[in-house]
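Here the structure comes first, spelled out in structure tokens, and everything after it is commentary.
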Amino acid sequence: MIAIEARRPASIDCRQTPICNRGDLRCQSRRRKIAPLVTAAPFDLATQDAVAWLASMAAGSVDLVITDPAYESLEKHRAIGTTTRLKHSKASSNDWFRIFPNARFGELFRELYRVLRDDTHFYLLCDAETMFVAKPQAEEAGFKFWKPLVWDKCTIGMGYHYRARYELILFFEKGKRRLNDLGIADIITVPRIRGGYPAEKPPEVADVLIRQSSTAGDLVVDPFMGSGSVGVAAARLGRRFAGNDVNPQAVKVAAQRLREFGEGHVPADIAPMRDEQPDLLASLVPPKRSEGGVMS
Ligand SMILES: C[S@@+](CC[C@H](N)C(=O)[O-])C[C@H]1O[C@@H](n2cnc3c(N)ncnc32)[C@H](O)[C@@H]1O
């Protein structure tokens, strides 16, 4: 991984930008369009195993981690056929999606704890089953667990027994850091994305977490970035981003999305997508990305 140049804008006052006139998170609910706060945000992408990638980073070099691993219970949903988008078929994309076993959470959390500087936050997106496995192991690594936040996706999804309309975001802390706005609710309401990268998250979810737990110029990290939604949110908010995914197709998608915000570092073997249309990507229905930000 190369070191990303720390380009902390001298003064970003979001009240002077087109997206916000109150300088806080809640203003998003009244906005239809989210525009970048700064024109270029540096990013650095990698195609490695998440733990190996984190191990290559300096201790205390990261300001915020938001990540959405390919946790084991997704495989279970696939096995019983409820998650058609994760089935192996011509029209789906399971080839993109290698599962990260629960047995590896210990080494993952130890590396995350090491790379985060003191007084920072770490958010882990997962389902309820994975929460019970992940929480004690993250605590064992040194994190303080505060609470699960809920991402309300507005419409039902997979499952037979009360179909899933929400996902959890486990909120952890290293040291002590105050949230930027103490008036934000623990339910984040943003419509799900349909037809995008498997399990793609709307950047508006990460947007809330980044605004709460970092400042402009900070380094936000996602070791399982998929299509780079966390990076997109970070770039819009003038944060630096370092992202990784074991799947080169994911890194291609993320690189294409992030190039809209400026040039960053992409592994040499990741060709720009305009030169190439991967079969799996071509098989996907164009994603319906929400544009409205957080719904009120
Ligand atoms: C749930 S998806 C992330 C989706 C992402 N949040 C988005 O909005 O597109 C999980 C990702 O983890 C990746 N992955 C699985 N095992 C990995 C590993 N050992 N190291 C790094 N990435 C891995 C998969 O390729 C997949 O892209």
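Order determines the names: the first chain of the structure tokens is A, the second B, and so forth; residues in each chain are numbered 1 upward, and ligands are numbered 1 upward as they are shown.
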Item to complete: Would you list the residues that come within 7 Å of ligand 1? Count only C-alpha atoms and all ligand atoms and give the answer as an MDAnalysis selection string.
Response: chainID A and resid 48:51 67:70 96:100 197:202 223:230 244:247 250
Interface rows for region 188-248 of chain A against region 159-176 of chain A: nearest pair, Å to one decimal, 12 Å, only C-alpha atoms, as a tab-separated table:
residue	atom	partner	partner_atom	distance
A:Ile188	CA	A:Tyr166	CA	9.6
A:Thr189	CA	A:Tyr166	CA	9.2
A:Val190	CA	A:Tyr166	CA	10.1
A:Pro191	CA	A:Arg165	CA	9.9
A:Arg192	CA	A:Arg165	CA	9.2
A:Ala199	CA	A:Glu167	CA	11.0
A:Lys201	CA	A:Glu167	CA	10.4
A:Val205	CA	A:Ile169	CA	9.8
A:Ala206	CA	A:Ile169	CA	10.1
A:Val208	CA	A:Ile169	CA	11.7
A:Leu209	CA	A:Phe171	CA	9.5
A:Gln212	CA	A:Phe171	CA	11.5
A:Ser213	CA	A:Glu173	CA	10.0
Export, as a CSV table (one decimal), in the first residue's frame, the selected residues with N, CA and C atoms.
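Done, and the output landed in part_25.csv:
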chain,number,residue,atom,x,y,z
A,188,ILE,N,-30.9,4.3,10.7
A,188,ILE,CA,-30.5,5.0,9.5
A,188,ILE,C,-31.4,4.5,8.4
A,189,THR,N,-32.2,5.4,7.9
A,189,THR,CA,-33.2,5.0,6.9
A,189,THR,C,-32.8,5.4,5.5
A,190,VAL,N,-32.4,4.4,4.7
A,190,VAL,CA,-32.0,4.7,3.3
A,190,VAL,C,-32.5,3.5,2.5
A,191,PRO,N,-33.2,3.7,1.4
A,191,PRO,CA,-33.6,2.6,0.6
A,191,PRO,C,-32.4,1.7,0.1
A,192,ARG,N,-32.7,0.4,0.0
A,192,ARG,CA,-31.7,-0.5,-0.5
A,192,ARG,C,-31.4,-0.3,-2.0
A,199,ALA,N,-24.8,-7.4,-2.6
A,199,ALA,CA,-24.9,-6.8,-1.3
A,199,ALA,C,-24.4,-5.4,-1.2
A,201,LYS,N,-24.1,-1.5,-0.7
A,201,LYS,CA,-24.8,-0.6,0.2
A,201,LYS,C,-24.9,0.8,-0.4
A,205,VAL,N,-25.6,5.5,3.7
A,205,VAL,CA,-25.5,4.9,5.0
A,205,VAL,C,-24.1,5.2,5.6
A,206,ALA,N,-23.0,5.0,4.8
A,206,ALA,CA,-21.7,5.4,5.3
A,206,ALA,C,-21.6,6.9,5.5
A,208,VAL,N,-23.6,8.9,6.9
A,208,VAL,CA,-23.9,9.3,8.3
A,208,VAL,C,-22.8,8.9,9.2
A,209,LEU,N,-22.2,7.7,9.1
A,209,LEU,CA,-21.2,7.2,10.0
A,209,LEU,C,-19.9,8.1,9.8
A,212,GLN,N,-20.3,11.4,11.5
A,212,GLN,CA,-20.3,11.3,12.9
A,212,GLN,C,-19.0,11.1,13.5
A,213,SER,N,-18.1,10.4,12.8
A,213,SER,CA,-16.9,9.8,13.4
A,213,SER,C,-15.6,10.2,12.8
Discussion item. Please extract the residues of region 120-296 of chain A with a backbone DSSP assignment of helix (DSSP H, G or I) and present them as a PyMOL selection string.
Written reply: chain A and resi 128-141+203-213+229-236+248-261+273-275+279-282
I want to know what sits within 12 Å of Asp44 (chain A), based on only C-alpha atoms, with residues of the same chain fewer than 5 positions away left out; could you give that as a compact mmCIF listing (two decimals) with C-alpha atoms, in the first residue's frame?
# COMPACT_ATOMS: atom_id res chain seq x y z
CA MET A 1 0.00 0.00 0.00
CA ILE A 2 1.31 3.46 -0.78
CA ALA A 3 0.98 6.24 1.74
CA ILE A 4 -1.87 8.54 0.82
CA GLU A 5 -0.91 12.15 0.98
CA TRP A 53 -3.67 -5.86 3.54
CA LEU A 219 -8.34 8.52 6.38
CA VAL A 220 -11.35 6.19 6.11
CA VAL A 221 -10.63 2.50 5.50
CA ASP A 222 -12.73 -0.39 4.19
CA PRO A 223 -10.93 -3.77 3.85
CA MET A 225 -15.04 -2.57 0.01
CA GLY A 228 -16.55 1.03 -3.01
CA GLY A 231 -15.13 5.25 -0.58
CA ALA A 235 -14.78 11.21 -1.25
CA ARG A 240 -9.18 10.22 2.14
CA PHE A 241 -10.02 6.59 1.43
CA ALA A 242 -8.05 3.34 1.43
CA GLY A 243 -10.06 0.36 0.18
CA ASN A 244 -9.42 -3.28 -0.53
CA ASP A 245 -11.25 -6.29 -1.90
CA VAL A 251 -11.78 -3.19 -7.28
CA ALA A 254 -14.79 0.79 -7.04
CA ALA A 255 -11.99 2.43 -9.03
CA LEU A 258 -13.92 6.81 -7.26
CA ARG A 259 -12.27 8.27 -10.36
CA GLY A 262 -10.09 12.52 -8.85
CA GLU A 263 -7.15 10.24 -9.50
CA GLY A 264 -5.98 7.80 -6.87
CA HIS A 265 -3.79 4.72 -6.66
CA VAL A 266 -5.13 1.51 -8.21
CA PRO A 267 -3.17 -1.78 -8.51
CA ALA A 268 -1.36 -2.02 -11.86
Worksheet item: Which residue, A:Val115, A:Leu64, A:Ile156, A:Ala46, has the smallest gap to Ala216 (chain A) when you use only C-alpha atoms?
Response: A:Leu64
Worksheet item: Between A:Lys76, A:Gly106, A:Met158, A:Ile193, which is the closest to Lys135 (chain A) once you count only C-alpha atoms?
Response: A:Gly106
Worksheet item: Residues at most 10 Å from Arg117 (chain A), counting only C-alpha atoms, excluding those fewer than 4 positions away in the same chain, as a ChimeraX atom specification?
Response: /A:58-64,112-113,121,174-175
Just the selected residues (C-alpha atoms), exported as a PDB file, in the first residue's frame, please.
ATOM      1  CA  ALA A  58       1.384   1.178   9.943  1.00  0.00           C
ATOM      2  CA  ALA A  59      -0.033   1.002  13.460  1.00  0.00           C
ATOM      3  CA  GLY A  60      -2.209   3.974  14.384  1.00  0.00           C
ATOM      4  CA  SER A  61      -2.416   5.224  10.796  1.00  0.00           C
ATOM      5  CA  VAL A  62      -6.204   5.052  10.260  1.00  0.00           C
ATOM      6  CA  ASP A  63      -8.898   7.460  11.472  1.00  0.00           C
ATOM      7  CA  LEU A  64     -12.062   5.433  10.842  1.00  0.00           C
ATOM      8  CA  LEU A 112      -8.189  -3.356  12.737  1.00  0.00           C
ATOM      9  CA  TYR A 113      -7.456  -2.415  16.340  1.00  0.00           C
ATOM     10  CA  HIS A 121     -14.521   4.436  15.792  1.00  0.00           C
ATOM     11  CA  LYS A 174     -10.947   2.368  20.369  1.00  0.00           C
ATOM     12  CA  GLY A 175     -10.128   4.699  23.252  1.00  0.00           C
TER      13      GLY A 175
END
Practice prompt. Find the distance between CA of Cys126 (chain A) and CA of Ser73 (chain A) and write it in Å to one decimal.
Written response: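 A separation of 9.3 Å between them.
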Would you list the contacts of Asp207 (chain A) as a PDB file with C-alpha atoms, in the first residue's frame, taking every protein, DNA or RNA residue within 8 Å and counting only C-alpha atoms, but skipping same-chain residues closer than 4 positions in sequence?
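Saved result, out-v8.pdb, follows:
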ATOM      1  CA  PRO A 203     -23.184   5.435   0.187  1.00  0.00           C
ATOM      2  CA  ARG A 211     -19.934  12.580   9.358  1.00  0.00           C
ATOM      3  CA  VAL A 230     -17.773   3.676   1.648  1.00  0.00           C
ATOM      4  CA  ALA A 233     -19.195   8.574   0.698  1.00  0.00           C
ATOM      5  CA  ALA A 234     -15.702   9.415   1.987  1.00  0.00           C
ATOM      6  CA  LEU A 237     -17.162  14.388   2.264  1.00  0.00           C
TER       7      LEU A 237
END
Discussion item. Which residues are close to Val133 (chain A), i.e. within 12 Å by only C-alpha atoms, leaving aside same-chain residues fewer than 6 positions away? Reply as a list of chain:residue names.
Written reply: A:Tyr71, A:Glu72, A:Ser73, A:Pro101, A:Asn102, A:Ala103, A:Arg104, A:Phe105, A:Gly106, A:Cys126, A:Asp127, A:Glu139, A:Glu140, A:Leu170
Based on the selection just made, write N, CA and C atoms of those residues as a PDB file, in the first residue's frame.
ATOM      1  N   TYR A  71     -19.674 -12.031   5.326  1.00  0.00           N
ATOM      2  CA  TYR A  71     -19.745 -12.922   6.495  1.00  0.00           C
ATOM      3  C   TYR A  71     -20.428 -14.250   6.142  1.00  0.00           C
ATOM      4  N   GLU A  72     -20.090 -15.236   6.972  1.00  0.00           N
ATOM      5  CA  GLU A  72     -20.443 -16.629   6.700  1.00  0.00           C
ATOM      6  C   GLU A  72     -21.936 -16.875   6.527  1.00  0.00           C
ATOM      7  N   SER A  73     -22.767 -16.194   7.284  1.00  0.00           N
ATOM      8  CA  SER A  73     -24.194 -16.531   7.230  1.00  0.00           C
ATOM      9  C   SER A  73     -24.822 -16.135   5.890  1.00  0.00           C
ATOM     10  N   PRO A 101     -14.616 -16.415   6.528  1.00  0.00           N
ATOM     11  CA  PRO A 101     -15.148 -17.280   7.594  1.00  0.00           C
ATOM     12  C   PRO A 101     -15.157 -16.613   8.972  1.00  0.00           C
ATOM     13  N   ASN A 102     -16.169 -16.926   9.760  1.00  0.00           N
ATOM     14  CA  ASN A 102     -16.249 -16.391  11.124  1.00  0.00           C
ATOM     15  C   ASN A 102     -14.980 -16.703  11.925  1.00  0.00           C
ATOM     16  N   ALA A 103     -14.371 -17.847  11.623  1.00  0.00           N
ATOM     17  CA  ALA A 103     -13.172 -18.258  12.370  1.00  0.00           C
ATOM     18  C   ALA A 103     -12.019 -17.267  12.188  1.00  0.00           C
ATOM     19  N   ARG A 104     -12.117 -16.381  11.187  1.00  0.00           N
ATOM     20  CA  ARG A 104     -11.030 -15.414  10.958  1.00  0.00           C
ATOM     21  C   ARG A 104     -11.311 -14.048  11.590  1.00  0.00           C
ATOM     22  N   PHE A 105     -12.441 -13.903  12.263  1.00  0.00           N
ATOM     23  CA  PHE A 105     -12.766 -12.594  12.853  1.00  0.00           C
ATOM     24  C   PHE A 105     -11.696 -12.138  13.853  1.00  0.00           C
ATOM     25  N   GLY A 106     -11.158 -13.094  14.622  1.00  0.00           N
ATOM     26  CA  GLY A 106     -10.160 -12.726  15.641  1.00  0.00           C
ATOM     27  C   GLY A 106      -8.979 -11.991  15.015  1.00  0.00           C
ATOM     28  N   CYS A 126     -23.359  -6.141   9.561  1.00  0.00           N
ATOM     29  CA  CYS A 126     -23.568  -7.593   9.591  1.00  0.00           C
ATOM     30  C   CYS A 126     -25.035  -7.884   9.909  1.00  0.00           C
ATOM     31  N   ASP A 127     -25.372  -9.188   9.934  1.00  0.00           N
ATOM     32  CA  ASP A 127     -26.723  -9.568  10.339  1.00  0.00           C
ATOM     33  C   ASP A 127     -26.721  -9.958  11.821  1.00  0.00           C
ATOM     34  N   GLU A 139     -14.405  -7.303  21.052  1.00  0.00           N
ATOM     35  CA  GLU A 139     -14.088  -6.862  22.423  1.00  0.00           C
ATOM     36  C   GLU A 139     -12.770  -7.482  22.884  1.00  0.00           C
ATOM     37  N   GLU A 140     -12.586  -8.740  22.548  1.00  0.00           N
ATOM     38  CA  GLU A 140     -11.344  -9.447  22.895  1.00  0.00           C
ATOM     39  C   GLU A 140     -10.130  -8.732  22.283  1.00  0.00           C
ATOM     40  N   LEU A 170     -22.621  -2.597  13.787  1.00  0.00           N
ATOM     41  CA  LEU A 170     -22.088  -2.648  15.156  1.00  0.00           C
ATOM     42  C   LEU A 170     -21.136  -1.471  15.347  1.00  0.00           C
TER      43      LEU A 170
END
Worksheet item: So which residues touch Asp186 (chain A) within 8 Å, counting only C-alpha atoms, skipping near sequence neighbours fewer than 2 positions away, as a ChimeraX atom specification?
Response: /A:148-150,184,188
Can you spit out the residues from that selection as a PDB file, in the first residue's frame, using N, CA and C atoms?
ATOM      1  N   PRO A 148     -25.659  -1.821  18.630  1.00  0.00           N
ATOM      2  CA  PRO A 148     -25.916  -1.990  17.203  1.00  0.00           C
ATOM      3  C   PRO A 148     -26.788  -0.844  16.701  1.00  0.00           C
ATOM      4  N   LEU A 149     -26.408  -0.242  15.585  1.00  0.00           N
ATOM      5  CA  LEU A 149     -27.283   0.690  14.866  1.00  0.00           C
ATOM      6  C   LEU A 149     -28.077  -0.139  13.866  1.00  0.00           C
ATOM      7  N   VAL A 150     -29.166   0.416  13.406  1.00  0.00           N
ATOM      8  CA  VAL A 150     -29.996  -0.299  12.433  1.00  0.00           C
ATOM      9  C   VAL A 150     -30.011   0.476  11.127  1.00  0.00           C
ATOM     10  N   ILE A 184     -28.149  12.439  16.593  1.00  0.00           N
ATOM     11  CA  ILE A 184     -28.474  11.529  15.480  1.00  0.00           C
ATOM     12  C   ILE A 184     -29.064  10.227  16.019  1.00  0.00           C
ATOM     13  N   ILE A 188     -30.872   4.310  10.744  1.00  0.00           N
ATOM     14  CA  ILE A 188     -30.502   5.048   9.526  1.00  0.00           C
ATOM     15  C   ILE A 188     -31.401   4.528   8.412  1.00  0.00           C
TER      16      ILE A 188
END
Practice prompt. Using backbone DSSP assignments, extract all strand (DSSP E) residues from region 27-212 of chain A; output them as a PyMOL selection string.
Written response: chain A and resi 43-46+62-67+116-126+144-152+166-174+187-189
